[in-house]
Amino acid sequence: MWLADLTADHYPEAGVVCRPRGNVRDVDSRRLVPRTDLVLADPRLAEAERRLGRPLVKAAVTRAQQRARDGQIAPDEVADAAVAELPARAAGLTPVINATGVLVHTNLGRAPLSAAAVDAITAAAGSCDVEFDLATGVRARRGAGALDALARAVPAAEAVAVVNNNAAALVLAATALARPEAPEIVISRGELIEIGDRFRLPDLLACTGATLREVGTTNRTTAADYAEATGPRTAFVLKVHPSNFRIEGFTASVGVPALTELGVPVLFDIGSGLLAPHRLTRHPLARALRVDKLTLAALEATLTGPVPPVAAALAADPASLFDRAERIVARLAAAGLDAHVVPATAAVGGGGAPGVELASAAISLPGALAVPLRRGSLAVVGRLEAGRLLLDLRSVPPEADESLVTAIRLAASR
């Protein structure tokens with residue numbers, strides 16, 4: 001930057017001499033960095049503040065100002081730089097195309113919601129009649145629509161209840177059903193499971209104050225084992241889905257129908273339900289574990305709306321997956337990319353159907369594309385096998401194919 005019309009003047013008392021460079025002299029550009037309030041007044045940033053909130057926008061402005069002070073950008077580029085690095089949304093979560101072939105991927109948010117569920121959440125985001133009867137103007141049963149839809153989905157159930165997650169359901173059951181005179185939960189040693197992130201079922205149940213009565217062995221538990229362990233001190237028998245493992249070979253287990261003949265309550269943890277719901281829903285802990293209005297809205301829409309994404313993915317015909325893959329690869333190959341179709345094996349994931357393999361089709365790409373695809377403006381996550389990146393289409397909805405092609409092209413162009 002330059003200041004015009006300066007002459008050379010000598011100031012002995014200050015020990016300063018201003019020497020001319022023609023008719024101008026250098027000025028530290030850092031002093032020209034615009035003030036924060038002036039940058040925030042930019043219409044683009046003012047609009048972003050209404051959408052994202054002041055802290056996120058101000059942080060972007062501060063970073064842009066620092067870049068100007070460091071000489072990376074010109075002072076008059078601060079507003080543009082701040083706008084360029086604004087996040088797309090106020091939350092830090094990033095939408096991802098799940099091309100791993102794991103349909104219910106815990107690290108990627110498990111089951112994606114259907115369009116109907118997303119619409120229901122949007123409708124419920126403001127004030128809504130979650131616990132209010134608009135016809136009578138009085139308080140109503142909380143989440144009546146969702147509970148009615150759930151009851152219709154499981155017509156053999158005498159009643160239904162919904163809590164935050166399966167761990168919450170087990171805590172509620174153990175707390176409500178175990179009593180000082182009957183504190184024991186009878187469970188097979190082969191069902192004392194551990195799932196992701198070091199979550200151990202025995203630890204969860206023990207924290208409720210209940211006592212675990214283990215029966216059988218890791219690979220074999222019989223009806224006689226349960227019968228010998230149950231009695232007046234039994235709160236209930238717990239049958240647990242094996243989640244993300246499977247034991248094969250010399251094994252034995254007991255089904256729920258046989259367990260119900262023992263004459264004690266039976267709880268079957270399949271990740272989606274509880275017995276004796278009336279007693280559970282009246283327990284004080286049930287309020288702490290109840291779901292919010294957004295979950296109720298999404299649940300009802302999932303149960304009453306169109307086929308949800310995971311169900312559609314499970315039912316996908318392998319031939320249709322190969323057809324999609326071939327069309328995508330043809331477009332990528334036409335752009336000069338190293339891509340071809342390969343057979344693949346997908347999985348249900350989320351602890352469901354361990355060991356079950358799903359025939360699928362994948363797009364094989366150079367392994368070097370894995371990082372740029374994950375870090376792109378539209379993130380794509382696949383899996384690496386033998387140095388190649390496989391994008392399994394069983395976990396990618398057909399409507400995302402166009403976005404997938406765009407993301408691959410952008411990643412390859414970097």
# chains A, B, ... in the order shown; residues from 1 in each chain; ligands from 1

call {"tool": "residues_around", "arguments": {"residues": "Arg383 of chain A", "least_positions_apart": "5", "cutoff": "10 Å", "atoms": "only C-alpha atoms", "output": "MDAnalysis selection string"}}
result
chainID A and resid 98:102 364 367 370 388:392

call {"tool": "write_last_selection", "arguments": {"atoms": "C-alpha atoms", "output": "PDB file, in the first residue's frame"}}
result
ATOM      1  CA  ASN A  98     -22.420 -44.480   2.749  1.00  0.00           C
ATOM      2  CA  ALA A  99     -20.763 -46.698   0.135  1.00  0.00           C
ATOM      3  CA  THR A 100     -19.227 -49.113   2.646  1.00  0.00           C
ATOM      4  CA  GLY A 101     -21.751 -51.870   1.979  1.00  0.00           C
ATOM      5  CA  VAL A 102     -22.741 -51.876   5.672  1.00  0.00           C
ATOM      6  CA  SER A 364     -13.634 -50.243  -7.984  1.00  0.00           C
ATOM      7  CA  GLY A 367      -7.206 -46.470  -3.460  1.00  0.00           C
ATOM      8  CA  ALA A 370     -10.340 -42.665  -0.576  1.00  0.00           C
ATOM      9  CA  ARG A 388      -8.554 -50.518  -4.378  1.00  0.00           C
ATOM     10  CA  LEU A 389     -11.390 -48.356  -3.129  1.00  0.00           C
ATOM     11  CA  LEU A 390     -14.721 -50.167  -3.399  1.00  0.00           C
ATOM     12  CA  LEU A 391     -17.955 -48.177  -3.414  1.00  0.00           C
ATOM     13  CA  ASP A 392     -20.661 -50.735  -2.633  1.00  0.00           C
TER      14      ASP A 392
END

call {"tool": "residues_around", "arguments": {"residues": "Asp269 of chain A", "least_positions_apart": "6", "cutoff": "8 Å", "atoms": "only C-alpha atoms", "output": "list in words"}}
result
Asn166, Leu170, Leu238, Lys239, Val240 and His241 of chain A

call {"tool": "write_last_selection", "arguments": {"atoms": "N, CA and C atoms", "output": "CSV table (one decimal), in the first residue's frame"}}
result
chain,number,residue,atom,x,y,z
A,166,ASN,N,-31.8,-49.1,22.9
A,166,ASN,CA,-32.0,-50.4,23.5
A,166,ASN,C,-31.3,-50.4,24.9
A,170,LEU,N,-33.1,-51.6,28.5
A,170,LEU,CA,-32.6,-52.6,29.4
A,170,LEU,C,-32.5,-52.0,30.8
A,238,LEU,N,-33.5,-63.0,31.0
A,238,LEU,CA,-33.2,-62.2,29.9
A,238,LEU,C,-32.6,-63.0,28.8
A,239,LYS,N,-33.2,-62.9,27.6
A,239,LYS,CA,-32.7,-63.5,26.4
A,239,LYS,C,-32.2,-62.4,25.5
A,240,VAL,N,-30.9,-62.6,25.1
A,240,VAL,CA,-30.3,-61.5,24.4
A,240,VAL,C,-29.9,-61.9,22.9
A,241,HIS,N,-30.2,-61.0,22.0
A,241,HIS,CA,-29.8,-61.2,20.6
A,241,HIS,C,-28.2,-61.2,20.6

call {"tool": "select_by_dssp", "arguments": {"residues": "segment 27-217 of chain A", "states": "strand (DSSP E or B)", "output": "list in words"}}
result
Val96, Ile97, Asn98, Val102, Leu103, Val104, His105, Arg110, Phe132, Asp133, Val138, Arg139, Val163, Arg179, Ala182, Glu184, Ile185, Val186, Ile187, Ser188, Glu194, Ile195, Phe199, Arg200, Thr211, Leu212, Arg213, Glu214 and Val215 of chain A

call {"tool": "residues_around", "arguments": {"residues": "Arg110 of chain A", "least_positions_apart": "3", "cutoff": "12 Å", "atoms": "only C-alpha atoms", "output": "list of chain:residue names"}}
result
A:Val96, A:Asn98, A:Val102, A:Leu103, A:Val104, A:His105, A:Thr106, A:Asn107, A:Leu113, A:Pro309, A:Val310, A:Val348, A:Gly349, A:Gly350, A:Gly351, A:Gly352, A:Ser395

call {"tool": "closest_atom_pairs", "arguments": {"of": "segment 47-166 of chain A", "to": "segment 292-295 of chain A", "cutoff": "10 Å", "atoms": "only C-alpha atoms", "output": "tab-separated table"}}
result
residue	atom	partner	partner_atom	distance
A:Ala117	CA	A:Thr295	CA	9.2
A:Val118	CA	A:Leu294	CA	9.5
A:Ala120	CA	A:Leu294	CA	7.8
A:Ile121	CA	A:Leu294	CA	5.2
A:Thr122	CA	A:Leu294	CA	8.3
A:Ala123	CA	A:Leu294	CA	8.9
A:Ala124	CA	A:Leu294	CA	6.0
A:Ala125	CA	A:Leu294	CA	6.8
A:Gly126	CA	A:Lys293	CA	9.8
A:Ser127	CA	A:Lys293	CA	9.7
A:Cys128	CA	A:Lys293	CA	8.4
A:Asp129	CA	A:Lys293	CA	9.1
A:Val130	CA	A:Lys293	CA	6.1
A:Glu131	CA	A:Lys293	CA	9.1
A:Arg142	CA	A:Lys293	CA	8.8
A:Gly143	CA	A:Lys293	CA	7.3
A:Ala146	CA	A:Thr295	CA	9.2
A:Val162	CA	A:Thr295	CA	9.6
A:Val163	CA	A:Asp292	CA	9.2
A:Asn164	CA	A:Asp292	CA	8.5

call {"tool": "atom_distance", "arguments": {"atom1": "atom CA of Ala301 of chain A", "atom2": "atom CA of Ile270 of chain A"}}
result
21.8 Å

call {"tool": "decode", "arguments": {"residues": "segment 110-201 of chain A", "atoms": "C-alpha atoms", "output": "mmCIF file, in the first residue's frame"}}
result
data_model
loop_
_atom_site.group_PDB
_atom_site.id
_atom_site.type_symbol
_atom_site.label_atom_id
_atom_site.label_comp_id
_atom_site.auth_asym_id
_atom_site.auth_seq_id
_atom_site.Cartn_x
_atom_site.Cartn_y
_atom_site.Cartn_z
ATOM 1 C CA ARG A 110 -26.927 -46.194 11.666
ATOM 2 C CA ALA A 111 -30.187 -46.248 9.663
ATOM 3 C CA PRO A 112 -30.787 -43.264 7.367
ATOM 4 C CA LEU A 113 -34.230 -41.701 7.621
ATOM 5 C CA SER A 114 -36.783 -41.839 4.852
ATOM 6 C CA ALA A 115 -37.906 -38.648 3.155
ATOM 7 C CA ALA A 116 -41.210 -39.003 5.013
ATOM 8 C CA ALA A 117 -39.395 -39.144 8.358
ATOM 9 C CA VAL A 118 -37.303 -36.078 7.497
ATOM 10 C CA ASP A 119 -40.471 -34.161 6.573
ATOM 11 C CA ALA A 120 -42.084 -35.248 9.844
ATOM 12 C CA ILE A 121 -39.096 -34.003 11.843
ATOM 13 C CA THR A 122 -39.245 -30.650 10.069
ATOM 14 C CA ALA A 123 -42.948 -30.343 10.870
ATOM 15 C CA ALA A 124 -42.330 -31.200 14.523
ATOM 16 C CA ALA A 125 -39.316 -28.915 14.901
ATOM 17 C CA GLY A 126 -41.441 -25.996 16.074
ATOM 18 C CA SER A 127 -44.410 -26.059 18.427
ATOM 19 C CA CYS A 128 -46.553 -29.132 17.839
ATOM 20 C CA ASP A 129 -49.258 -31.215 19.492
ATOM 21 C CA VAL A 130 -46.892 -33.841 20.922
ATOM 22 C CA GLU A 131 -48.858 -33.959 24.199
ATOM 23 C CA PHE A 132 -51.926 -31.878 23.430
ATOM 24 C CA ASP A 133 -55.387 -32.593 21.996
ATOM 25 C CA LEU A 134 -56.262 -29.850 19.539
ATOM 26 C CA ALA A 135 -59.907 -30.930 19.448
ATOM 27 C CA THR A 136 -60.544 -30.697 23.187
ATOM 28 C CA GLY A 137 -57.824 -28.248 24.163
ATOM 29 C CA VAL A 138 -56.502 -30.419 26.972
ATOM 30 C CA ARG A 139 -53.399 -32.480 27.648
ATOM 31 C CA ALA A 140 -53.262 -35.766 25.752
ATOM 32 C CA ARG A 141 -51.212 -38.965 25.686
ATOM 33 C CA ARG A 142 -47.655 -38.120 24.659
ATOM 34 C CA GLY A 143 -46.803 -39.222 21.120
ATOM 35 C CA ALA A 144 -50.174 -40.884 20.579
ATOM 36 C CA GLY A 145 -49.725 -41.080 16.801
ATOM 37 C CA ALA A 146 -46.358 -42.810 17.035
ATOM 38 C CA LEU A 147 -47.514 -45.253 19.711
ATOM 39 C CA ASP A 148 -50.642 -46.126 17.735
ATOM 40 C CA ALA A 149 -48.545 -46.711 14.618
ATOM 41 C CA LEU A 150 -46.174 -48.940 16.596
ATOM 42 C CA ALA A 151 -49.090 -50.919 18.022
ATOM 43 C CA ARG A 152 -50.411 -51.507 14.511
ATOM 44 C CA ALA A 153 -46.967 -52.661 13.395
ATOM 45 C CA VAL A 154 -46.843 -55.313 16.155
ATOM 46 C CA PRO A 155 -50.495 -56.342 16.521
ATOM 47 C CA ALA A 156 -49.674 -59.322 18.745
ATOM 48 C CA ALA A 157 -48.228 -57.026 21.430
ATOM 49 C CA GLU A 158 -50.526 -56.171 24.330
ATOM 50 C CA ALA A 159 -48.980 -52.709 24.651
ATOM 51 C CA VAL A 160 -46.055 -50.676 23.352
ATOM 52 C CA ALA A 161 -43.527 -48.223 24.756
ATOM 53 C CA VAL A 162 -40.630 -46.243 23.282
ATOM 54 C CA VAL A 163 -37.420 -45.098 25.009
ATOM 55 C CA ASN A 164 -34.174 -43.527 23.821
ATOM 56 C CA ASN A 165 -32.404 -46.706 22.716
ATOM 57 C CA ASN A 166 -31.975 -50.360 23.539
ATOM 58 C CA ALA A 167 -29.597 -49.705 26.427
ATOM 59 C CA ALA A 168 -32.218 -47.404 27.942
ATOM 60 C CA ALA A 169 -34.823 -50.133 27.566
ATOM 61 C CA LEU A 170 -32.649 -52.623 29.444
ATOM 62 C CA VAL A 171 -31.890 -50.151 32.240
ATOM 63 C CA LEU A 172 -35.583 -49.380 32.625
ATOM 64 C CA ALA A 173 -36.534 -53.060 32.649
ATOM 65 C CA ALA A 174 -33.883 -54.037 35.178
ATOM 66 C CA THR A 175 -34.706 -51.096 37.449
ATOM 67 C CA ALA A 176 -38.455 -51.588 37.331
ATOM 68 C CA LEU A 177 -38.650 -55.383 37.493
ATOM 69 C CA ALA A 178 -35.820 -56.225 39.907
ATOM 70 C CA ARG A 179 -36.814 -55.911 43.590
ATOM 71 C CA PRO A 180 -35.025 -56.499 46.904
ATOM 72 C CA GLU A 181 -36.785 -59.827 47.344
ATOM 73 C CA ALA A 182 -36.255 -60.792 43.700
ATOM 74 C CA PRO A 183 -33.047 -59.123 42.454
ATOM 75 C CA GLU A 184 -31.778 -61.797 40.068
ATOM 76 C CA ILE A 185 -31.651 -61.567 36.282
ATOM 77 C CA VAL A 186 -31.078 -65.017 34.807
ATOM 78 C CA ILE A 187 -29.002 -64.931 31.635
ATOM 79 C CA SER A 188 -26.971 -67.370 29.545
ATOM 80 C CA ARG A 189 -23.198 -66.996 29.706
ATOM 81 C CA GLY A 190 -23.191 -67.106 25.928
ATOM 82 C CA GLU A 191 -25.279 -63.917 25.833
ATOM 83 C CA LEU A 192 -23.162 -61.675 28.080
ATOM 84 C CA ILE A 193 -22.217 -59.618 25.085
ATOM 85 C CA GLU A 194 -19.949 -56.680 24.404
ATOM 86 C CA ILE A 195 -20.694 -54.418 21.459
ATOM 87 C CA GLY A 196 -18.936 -51.349 20.042
ATOM 88 C CA ASP A 197 -17.060 -48.771 22.081
ATOM 89 C CA ARG A 198 -16.491 -51.225 24.974
ATOM 90 C CA PHE A 199 -20.202 -51.344 25.855
ATOM 91 C CA ARG A 200 -20.723 -54.451 27.982
ATOM 92 C CA LEU A 201 -24.178 -55.746 28.812
#
